[in-house]
Structures are given as structure tokens and as C-alpha cells.
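I have placed the structure first, in the form of C-alpha cells, so that the comments after it can refer back to it.
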Amino acid sequence: MLLLRDTTTEEALLGTAREHTGLVRDSHTGTVEPAALGRKFTATLQAALESGLYERDTLAGLADKALAAAPESVIADLVPQLPFLPKQSLSVGGHKAFTRGLSEFLHYYESSGTTGNPVAAPKALDDLVVNTINIGEQWARILERSDRALILINAPFAPAAYQFEKVLEYLQVMSLRPWVDNITGDYTRVLRLTRELGVNVFVGPPSRLLEMVQFAYRNDEPVPAFDKLLLMAEQTGPGFVRHLERLTGATAYVAAYGSSETGTTAVTCERGNLHLQTQSYVLELTDDSGTRFVDGSPDRGELVVTTLDMPGRPLLRYRTGDLVEIPGTPCPCGVATPLLRTLGRSQDLIVLEGNGIRQNDFEAALWPERHSGPTVLNYMLVIQGKAVVCLATTDVPVDGAWARATADRVQGLFPGYELALRPVEKLPPLASLGQYLGWKLSRVLDLNDARNWDRLPDPIRGVVETTLADLASTPEK
């Protein structure tokens, strides 16, 4: 609970926390009354009247209908009548999204700006408390008071690091939140603290964890061992999860899914499944066949989010651009809310002459379920013409035979292209920025645009130049 000098506000906030905790627990057991969510949606519409993002006359009419309607049916009846809010509109709208003065927020944050201009994403007292409880009630199934957590999220303008620090406070789990310079990439202090403090939980993006492990190998430091990995902010499929578990000896969880704009829309349970936070969001899927509510039945499409607990910056039918799947199966953990699997952003796809290659497919081939011998720690793909070069760091020195065998394992994903794998000591800094840029922008470098050569520092540029020349001189089979 936050400590506030204003005792009236503090008491009101405590009431909000108690009420929402009860709602979360009802949601977990599947006993939330539709009328409770309908009343929250009606309040959201009323708040949105003060936002500059929406056409006021249309919204006012729907808000009046909501007040007059039965609360148990208002979501089903009125949400489909709202227009979509595209990402671009929110990006351009900026502070127009606010329904309160800036001084009424607690902290100012922005999104990373991966898919457009950074979006203002400040935290108010009420939505901070609600989001903390949503995450904390799920993470309580995984974490214990005796755990010690390292939060390693280099994102000063995004709310994630602070939000997860508040969650760990909520659970009374000790945490530390250091910073690693993106230029030097020096993890010496972080590795020392992890050892000395007996840290057993990692909280952060996979790319940052890989950077730390790679630094340890390169500098003859002990590779950090964890019990639990709480991963977020990047697409992390089964192959990637297996890889991180092998490296650290931990059990890995894709711990949370959401964004700076929306808050956390899904949180993991102890079975490693992401549960939608249906007590705080109205969720829909849209594709070429139309738009429908997420009701727990099997489905997939682009996720559309309407917030129910962000009155200071309400989002109505916000198109996230994220492709997701609803498996439609109950979770063995017993939490009743629908499960979600992330499929990546709609634009996060390499298209080579009509052949779409997704991150999960590539990583499943690179890090197979059964594995022996040297391990690829991290990778980056470089494309030019009909050639694909996979730059890879490894845990031990490797020879040409190993590199050729590994390339053969993933070659089938690139029909019509020549693929070569080249071990390097260190990857370009881009590969450690997955949480900021997304997979395609951080791990795939298209040299058909000559300007991208400047993103390859020496000596990596020389490795790529030599490899491309060798592939070009190889006779066609």
C-alpha cells in the first residue's frame, strides 16, 4: 500500500484496494457478476467524455444509453457501437487522452515508441493500485516471502520496472533494481550483487537476461543461476523459454503481457499460462471475418482492449496490433479466467517472397527440445538478396562443422535462400534491445537497404561482408 500524507486520499485508496482484491478473487473463481463489470464500463464511458480522443457527441449518446441500460447487458449492447481507436490515433493524440490534469497523476511515463511516436502513459493512484493487485494476486501463486528478486529493465520512460517493484512490495518480496549502461554493457556489478545477495528470481525481458549470461561467459564470470524467471516485454515462445531454462537452471514464466498504454492485460499462473484480467478489461478479437468478444472459446486475431480501471486515461476499443490466440481450455491451476497465448505483433513477420517466418518458428529450430553439444546463446539475422547470415554467440568455441550442422537445422525455414551461421564474440547492441524495438527491428537486419550497414559495428561488419561474399561465390546447387 502506498504511504500518503493526505489521510483522506489514503483511506479512499485503501477502500479501492480492498474492493478490487475481492473482485480479483471472484474473477479467479468465475463468480464475478456481469452487472459489476457493466457498472465499471458505464463509469469508463462517463470518464471518457473528458478525453479529447473521442467524438464527444457520439460518446455522450452512448454514455446516456449506458446510464439507462441494465448494467448486466450494457457491455454486450454498447461496446460494438463504439468506433475502434487505432494505435496511430493514440500516438498522435498524446495528452488529449487525459481526463485529469497532469498534476493529478503520480508518475509520468511513455511507451517505447516501437510502432510510432511514444505514447504518454502516466500512472495515477487508482490504476497503479489496481494493476498491482491484478499482477500480485497471480504472482503470489509463484513467489514466496523468502525469494529475492532482480528487476533488470532498462526502460526509464516506461512504467514496467516501477510497476513490478510495487508488485514485489505488495508481496513483501525483497528486490533490487540496478541499471546497466546500454553502451558499455557492463554487468559486473549486477552479477556480483546477484551472487552476494543470493538472488533467485529474475524479473525482466529475455534479451536483457541473455545479455547478462553472455557477458558472464565472455568475462569468465559464473553464469547466474536462478530458481524462477519472470519474463515480459518481448515475444517469448516455447523454444526461447526452454533455452533460458537450460542456461539458468530456472523455471521460466512468461510472467505478464500488456503495454505501457493498456497496463497488464494478462498475468501468468504457476502452470505458466497467461490469464486474461477480465475484471479490468473488456477484450475483443478482430480480423477479416469481423470482431467478437473474448468469451473463453477457442479463437485468434488482433487483440482489442477497452480499459475498465483507467479513468484518468480511458481507452475504448484500442487496437493493440498484437496477434493472440485464446486456446479455449481450462487451466489446471484452477483460475477461471480465459487463457491467452501471444503470437507476436501483426507486423513482426519476415516475408521472403511470400514465405512468412515468425520468431517462434525460427527459435524452435535453433533451440530444439532435445539438445546436446555447444549452445547458441543469442542470435541476429542479416539478410541481403538471396543470402541470410545468422550471427550467433555461443557458450564454448565452435568449429565450422558445428556451424554448418546448425545452419542445416534451420535452413528449411528459408526456401530459396542460402543460409550461413557465423559465430561471433558479441552481437550488435540492437540484439539486446528487443523490449524497445520488437523482434524484427532488433534481430533482423535487412542489408538490401544500404543504410543498415552502419548498424553493424566492427568486427561484425567484416564477418558479414566475408560471409555474403562467400555465399555469392558458391555455385548454385
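In the C-alpha cells, the first chain shown is A, the next is B, and so on; residue numbers restart at 1 for each chain, and ligands run from 1 in the order shown.
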
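By chain and then residue number, the residues within 6 Å of range 299-313 of chain A are A:Lys40, A:Phe41, A:Thr44, A:Ala47, A:Ala97, A:Phe98, A:Thr99, A:Arg100, A:Asp127, A:Ser280, A:Tyr281, A:Val282, A:Leu283, A:Glu284, A:Leu285, A:Thr286, A:Asp287, A:Arg317, A:Tyr318, A:Arg319, A:Thr320, A:Gly321, A:Asp322, A:Leu323, A:Val324, A:Glu325, A:Ile326, counting only C-alpha atoms and disregarding those fewer than 4 positions away in sequence.
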
Quiz prompt | strand (DSSP E or B) residues, from DSSP on the backbone, in range 273-427 of chain A, as a ChimeraX atom specification | solution = /A:274-276,281-287,290-293,299-307,318-326,339-345,350-352,355-357,376-384,387-394,418-423

With distances taken over only C-alpha atoms, the candidate from A:Pro71, A:Pro156, A:Gly237, A:Gly263 nearest Lys123 in chain A is A:Gly263

Counting only C-alpha atoms, what is within 8 Å of range 51-68 of chain A, bar same-chain residues fewer than 6 positions away, as a PDB file with N, CA and C atoms, in the first residue's frame?
ATOM      1  N   THR A  42     -19.739   1.559 -17.624  1.00  0.00           N
ATOM      2  CA  THR A  42     -20.510   2.804 -17.660  1.00  0.00           C
ATOM      3  C   THR A  42     -19.703   3.957 -17.068  1.00  0.00           C
ATOM      4  N   LEU A  45     -17.133   5.071 -19.616  1.00  0.00           N
ATOM      5  CA  LEU A  45     -17.705   5.942 -20.648  1.00  0.00           C
ATOM      6  C   LEU A  45     -17.879   7.366 -20.128  1.00  0.00           C
ATOM      7  N   VAL A  74     -25.030  -4.025 -20.504  1.00  0.00           N
ATOM      8  CA  VAL A  74     -24.551  -2.809 -21.146  1.00  0.00           C
ATOM      9  C   VAL A  74     -23.299  -3.059 -21.996  1.00  0.00           C
ATOM     10  N   LEU A  78     -23.469  -2.141 -25.948  1.00  0.00           N
ATOM     11  CA  LEU A  78     -22.912  -0.846 -26.355  1.00  0.00           C
ATOM     12  C   LEU A  78     -21.478  -0.893 -26.865  1.00  0.00           C
ATOM     13  N   LEU A  82     -19.179   1.343 -30.347  1.00  0.00           N
ATOM     14  CA  LEU A  82     -18.057   2.269 -30.251  1.00  0.00           C
ATOM     15  C   LEU A  82     -17.131   2.107 -31.446  1.00  0.00           C
ATOM     16  N   SER A  89      -3.873   6.904 -33.755  1.00  0.00           N
ATOM     17  CA  SER A  89      -4.666   7.979 -33.154  1.00  0.00           C
ATOM     18  C   SER A  89      -4.221   8.262 -31.730  1.00  0.00           C
ATOM     19  N   LEU A  90      -3.923   7.210 -30.980  1.00  0.00           N
ATOM     20  CA  LEU A  90      -3.444   7.401 -29.617  1.00  0.00           C
ATOM     21  C   LEU A  90      -2.057   8.022 -29.620  1.00  0.00           C
ATOM     22  N   GLY A  93      -2.512  11.571 -30.579  1.00  0.00           N
ATOM     23  CA  GLY A  93      -3.341  12.284 -29.608  1.00  0.00           C
ATOM     24  C   GLY A  93      -2.594  12.734 -28.372  1.00  0.00           C
ATOM     25  N   LYS A  96      -4.089  14.415 -25.158  1.00  0.00           N
ATOM     26  CA  LYS A  96      -5.538  14.542 -25.323  1.00  0.00           C
ATOM     27  C   LYS A  96      -6.282  13.371 -24.682  1.00  0.00           C
ATOM     28  N   ALA A  97      -5.542  12.276 -24.440  1.00  0.00           N
ATOM     29  CA  ALA A  97      -6.174  11.101 -23.833  1.00  0.00           C
ATOM     30  C   ALA A  97      -6.527  11.328 -22.370  1.00  0.00           C
ATOM     31  N   PHE A  98      -5.891  12.304 -21.730  1.00  0.00           N
ATOM     32  CA  PHE A  98      -6.084  12.501 -20.291  1.00  0.00           C
ATOM     33  C   PHE A  98      -7.472  13.064 -19.995  1.00  0.00           C
ATOM     34  N   THR A  99      -8.058  12.581 -18.896  1.00  0.00           N
ATOM     35  CA  THR A  99      -9.306  13.155 -18.404  1.00  0.00           C
ATOM     36  C   THR A  99      -9.073  13.955 -17.131  1.00  0.00           C
ATOM     37  N   ARG A 313      -7.176   7.941 -17.987  1.00  0.00           N
ATOM     38  CA  ARG A 313      -6.741   7.823 -19.393  1.00  0.00           C
ATOM     39  C   ARG A 313      -7.443   6.628 -20.026  1.00  0.00           C
ATOM     40  N   PRO A 314      -8.770   6.680 -20.132  1.00  0.00           N
ATOM     41  CA  PRO A 314      -9.518   5.508 -20.602  1.00  0.00           C
ATOM     42  C   PRO A 314      -9.281   5.231 -22.088  1.00  0.00           C
TER      43      PRO A 314
END

Range 104-110 of chain A environment, 12 Å, only C-alpha atoms, sequence neighbours closer than 2 positions dropped, as number ranges by chain: A: 2, 4, 90-91, 94-95, 98-102, 112-114, 116-129, 155-163, 259-263, 310-313, 436

For the selection just defined, write its residues with N, CA and C atoms to a file, as a tab-separated table (two decimals), in the first residue's frame.
chain	number	residue	atom	x	y	z
A	2	LEU	N	0.53	2.22	-0.79
A	2	LEU	CA	1.29	3.46	-0.84
A	2	LEU	C	1.08	4.27	0.44
A	4	LEU	N	0.65	7.81	1.99
A	4	LEU	CA	0.24	9.13	1.53
A	4	LEU	C	0.04	10.04	2.73
A	90	LEU	N	-3.92	7.21	-30.98
A	90	LEU	CA	-3.44	7.40	-29.62
A	90	LEU	C	-2.06	8.02	-29.62
A	91	SER	N	-1.22	7.58	-30.56
A	91	SER	CA	0.14	8.11	-30.65
A	91	SER	C	0.13	9.60	-30.96
A	94	GLY	N	-1.60	11.95	-27.95
A	94	GLY	CA	-0.79	12.32	-26.79
A	94	GLY	C	-1.61	12.64	-25.56
A	95	HIS	N	-1.42	13.83	-25.04
A	95	HIS	CA	-2.07	14.22	-23.79
A	95	HIS	C	-3.57	14.44	-23.93
A	98	PHE	N	-5.89	12.30	-21.73
A	98	PHE	CA	-6.08	12.50	-20.29
A	98	PHE	C	-7.47	13.06	-19.99
A	99	THR	N	-8.06	12.58	-18.90
A	99	THR	CA	-9.31	13.16	-18.40
A	99	THR	C	-9.07	13.96	-17.13
A	100	ARG	N	-7.82	14.05	-16.71
A	100	ARG	CA	-7.44	14.77	-15.50
A	100	ARG	C	-6.25	15.67	-15.81
A	101	GLY	N	-6.04	16.65	-14.96
A	101	GLY	CA	-4.85	17.46	-15.08
A	101	GLY	C	-3.61	16.63	-14.78
A	102	LEU	N	-2.49	17.02	-15.38
A	102	LEU	CA	-1.27	16.23	-15.23
A	102	LEU	C	-0.85	16.09	-13.78
A	112	SER	N	7.45	2.90	-25.47
A	112	SER	CA	8.78	2.88	-26.10
A	112	SER	C	8.78	3.55	-27.47
A	113	GLY	N	7.62	3.65	-28.11
A	113	GLY	CA	7.59	4.23	-29.45
A	113	GLY	C	8.00	3.26	-30.54
A	114	THR	N	7.89	1.94	-30.26
A	114	THR	CA	8.29	0.93	-31.22
A	114	THR	C	7.54	1.05	-32.54
A	116	GLY	N	5.51	3.70	-33.56
A	116	GLY	CA	5.06	5.06	-33.81
A	116	GLY	C	5.63	5.99	-32.77
A	117	ASN	N	5.06	7.19	-32.68
A	117	ASN	CA	5.54	8.12	-31.67
A	117	ASN	C	5.27	7.57	-30.27
A	118	PRO	N	6.16	7.87	-29.30
A	118	PRO	CA	5.90	7.43	-27.93
A	118	PRO	C	4.55	7.97	-27.45
A	119	VAL	N	3.84	7.13	-26.69
A	119	VAL	CA	2.53	7.49	-26.18
A	119	VAL	C	2.64	7.80	-24.70
A	120	ALA	N	2.07	8.92	-24.29
A	120	ALA	CA	2.05	9.27	-22.87
A	120	ALA	C	1.30	8.20	-22.09
A	121	ALA	N	1.92	7.71	-21.01
A	121	ALA	CA	1.32	6.63	-20.21
A	121	ALA	C	1.56	6.87	-18.73
A	122	PRO	N	1.07	7.99	-18.20
A	122	PRO	CA	1.29	8.26	-16.78
A	122	PRO	C	0.50	7.31	-15.89
A	123	LYS	N	0.96	7.19	-14.66
A	123	LYS	CA	0.30	6.34	-13.67
A	123	LYS	C	-0.43	7.22	-12.66
A	124	ALA	N	-1.71	6.94	-12.47
A	124	ALA	CA	-2.48	7.59	-11.41
A	124	ALA	C	-2.56	6.63	-10.22
A	125	LEU	N	-2.94	7.16	-9.07
A	125	LEU	CA	-3.02	6.34	-7.87
A	125	LEU	C	-3.95	5.15	-8.05
A	126	ASP	N	-5.13	5.38	-8.62
A	126	ASP	CA	-6.12	4.31	-8.70
A	126	ASP	C	-5.69	3.20	-9.66
A	127	ASP	N	-5.21	3.56	-10.86
A	127	ASP	CA	-4.86	2.49	-11.79
A	127	ASP	C	-3.57	1.78	-11.37
A	128	LEU	N	-2.68	2.48	-10.65
A	128	LEU	CA	-1.48	1.83	-10.13
A	128	LEU	C	-1.84	0.75	-9.11
A	129	VAL	N	-2.74	1.08	-8.21
A	129	VAL	CA	-3.15	0.13	-7.18
A	129	VAL	C	-3.85	-1.08	-7.81
A	155	ALA	N	14.47	0.72	-18.90
A	155	ALA	CA	13.43	1.48	-19.61
A	155	ALA	C	12.99	2.64	-18.73
A	156	PRO	N	13.76	3.73	-18.70
A	156	PRO	CA	13.47	4.81	-17.77
A	156	PRO	C	12.14	5.51	-17.99
A	157	PHE	N	11.62	5.48	-19.23
A	157	PHE	CA	10.38	6.20	-19.50
A	157	PHE	C	9.15	5.29	-19.50
A	158	ALA	N	9.36	3.98	-19.37
A	158	ALA	CA	8.24	3.04	-19.33
A	158	ALA	C	7.94	2.66	-17.89
A	159	PRO	N	6.67	2.35	-17.59
A	159	PRO	CA	6.29	2.09	-16.20
A	159	PRO	C	6.63	0.71	-15.67
A	160	ALA	N	7.11	-0.20	-16.52
A	160	ALA	CA	7.22	-1.61	-16.13
A	160	ALA	C	8.08	-1.83	-14.90
A	161	ALA	N	9.28	-1.27	-14.86
A	161	ALA	CA	10.19	-1.54	-13.74
A	161	ALA	C	9.59	-1.08	-12.42
A	162	TYR	N	9.01	0.12	-12.41
A	162	TYR	CA	8.39	0.62	-11.19
A	162	TYR	C	7.17	-0.22	-10.82
A	163	GLN	N	6.36	-0.58	-11.83
A	163	GLN	CA	5.17	-1.37	-11.56
A	163	GLN	C	5.52	-2.71	-10.91
A	259	SER	N	1.01	-3.56	-22.14
A	259	SER	CA	1.79	-2.47	-22.72
A	259	SER	C	1.74	-1.28	-21.79
A	260	SER	N	2.61	-0.31	-22.06
A	260	SER	CA	2.59	0.92	-21.28
A	260	SER	C	1.23	1.61	-21.39
A	261	GLU	N	0.62	1.51	-22.58
A	261	GLU	CA	-0.64	2.19	-22.82
A	261	GLU	C	-1.81	1.53	-22.08
A	262	THR	N	-1.88	0.20	-22.14
A	262	THR	CA	-3.06	-0.51	-21.65
A	262	THR	C	-2.93	-0.97	-20.21
A	263	GLY	N	-1.71	-1.06	-19.69
A	263	GLY	CA	-1.50	-1.77	-18.44
A	263	GLY	C	-1.37	-3.25	-18.73
A	310	MET	N	-8.96	2.57	-15.71
A	310	MET	CA	-8.05	3.68	-16.00
A	310	MET	C	-8.85	4.95	-16.29
A	311	PRO	N	-9.60	5.44	-15.32
A	311	PRO	CA	-10.44	6.62	-15.58
A	311	PRO	C	-9.65	7.86	-15.95
A	312	GLY	N	-8.39	7.94	-15.56
A	312	GLY	CA	-7.59	9.10	-15.91
A	312	GLY	C	-7.11	9.11	-17.35
A	313	ARG	N	-7.18	7.94	-17.99
A	313	ARG	CA	-6.74	7.82	-19.39
A	313	ARG	C	-7.44	6.63	-20.03
A	436	TYR	N	12.55	-2.82	-26.53
A	436	TYR	CA	12.29	-1.49	-27.07
A	436	TYR	C	11.82	-1.55	-28.52

| field | alpha helix (DSSP H) call set, DSSP backbone run, range 107-344 of chain A, as an MDAnalysis selection string | value | chainID A and resid 125:139 160:170 188:196 206:218 238:248

Excluding range 447-462 of chain A and its own-chain neighbours fewer than 6 positions away, which residues fall within 9 Å of it when counting only C-alpha atoms? Please give them as a JSON list (two decimals) with N, CA, C and O atoms, in the first residue's frame.
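Result went into result-v1.json, see below:
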[["chain", "number", "residue", "atom", "x", "y", "z"],
["A", 382, "VAL", "N", 20.84, -11.46, -40.57],
["A", 382, "VAL", "CA", 21.19, -10.41, -41.52],
["A", 382, "VAL", "C", 20.81, -10.91, -42.91],
["A", 382, "VAL", "O", 21.19, -12.02, -43.29],
["A", 383, "ILE", "N", 20.05, -10.11, -43.65],
["A", 383, "ILE", "CA", 19.52, -10.53, -44.95],
["A", 383, "ILE", "C", 20.02, -9.59, -46.03],
["A", 383, "ILE", "O", 19.99, -8.36, -45.88],
["A", 384, "GLN", "N", 20.49, -10.18, -47.15],
["A", 384, "GLN", "CA", 20.81, -9.38, -48.34],
["A", 384, "GLN", "C", 20.58, -10.24, -49.57],
["A", 384, "GLN", "O", 21.17, -11.32, -49.70],
["A", 385, "GLY", "N", 19.72, -9.76, -50.45],
["A", 385, "GLY", "CA", 19.43, -10.54, -51.64],
["A", 385, "GLY", "C", 18.89, -11.90, -51.29],
["A", 385, "GLY", "O", 17.92, -12.04, -50.56],
["A", 391, "LEU", "N", 24.11, -14.50, -37.29],
["A", 391, "LEU", "CA", 25.20, -14.22, -36.37],
["A", 391, "LEU", "C", 24.84, -14.81, -35.02],
["A", 391, "LEU", "O", 23.72, -14.63, -34.54],
["A", 424, "VAL", "N", 30.16, -15.28, -33.53],
["A", 424, "VAL", "CA", 30.82, -14.01, -33.23],
["A", 424, "VAL", "C", 30.96, -13.89, -31.71],
["A", 424, "VAL", "O", 30.24, -14.53, -30.96],
["A", 425, "GLU", "N", 31.91, -13.09, -31.28],
["A", 425, "GLU", "CA", 32.14, -12.93, -29.85],
["A", 425, "GLU", "C", 31.03, -12.13, -29.20],
["A", 425, "GLU", "O", 30.62, -12.40, -28.06],
["A", 426, "LYS", "N", 30.51, -11.13, -29.92],
["A", 426, "LYS", "CA", 29.49, -10.25, -29.36],
["A", 426, "LYS", "C", 28.58, -9.79, -30.49],
["A", 426, "LYS", "O", 29.05, -9.51, -31.60],
["A", 427, "LEU", "N", 27.29, -9.70, -30.21],
["A", 427, "LEU", "CA", 26.33, -9.24, -31.20],
["A", 427, "LEU", "C", 26.24, -7.72, -31.20],
["A", 427, "LEU", "O", 26.60, -7.06, -30.21],
["A", 428, "PRO", "N", 25.71, -7.13, -32.29],
["A", 428, "PRO", "CA", 25.46, -5.69, -32.28],
["A", 428, "PRO", "C", 24.52, -5.33, -31.14],
["A", 428, "PRO", "O", 23.68, -6.14, -30.71],
["A", 429, "PRO", "N", 24.63, -4.12, -30.61],
["A", 429, "PRO", "CA", 23.77, -3.71, -29.49],
["A", 429, "PRO", "C", 22.28, -3.86, -29.77],
["A", 429, "PRO", "O", 21.48, -4.04, -28.86],
["A", 430, "LEU", "N", 21.89, -3.85, -31.05],
["A", 430, "LEU", "CA", 20.47, -3.98, -31.39],
["A", 430, "LEU", "C", 19.86, -5.24, -30.79],
["A", 430, "LEU", "O", 18.70, -5.24, -30.36]]

One residue among A:Ala17, A:Pro238, A:Lys228, A:Ala43 is nearest to Tyr170 in chain A when using only C-alpha atoms, and that residue is A:Ala17

Using only C-alpha atoms, the shortest atom-to-atom distance to Ala76 in chain A among A:Val213, A:Pro34, A:Pro368, A:Ala140 belongs to A:Pro34

Counting only C-alpha atoms, the residue among A:Arg192, A:Gln235, A:Leu13, A:Phe293 that lies closest to Asp77 in chain A is A:Phe293

Shortest contact to Arg370 in chain A, candidates A:Arg141, A:Thr31, A:Gly344, A:Arg246, atoms counted only C-alpha atoms, goes to A:Arg246

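Minimum distance to Thr132 in chain A across A:Leu150, A:Ala365, A:Val267, A:Ala225 (counting only C-alpha atoms) occurs at A:Val267.
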
Write out as number ranges by chain which residues come within 8 Å of Gly30 in chain A when counting only C-alpha atoms, dropping same-chain ones fewer than 2 positions away. A: 26-28, 32, 335-337
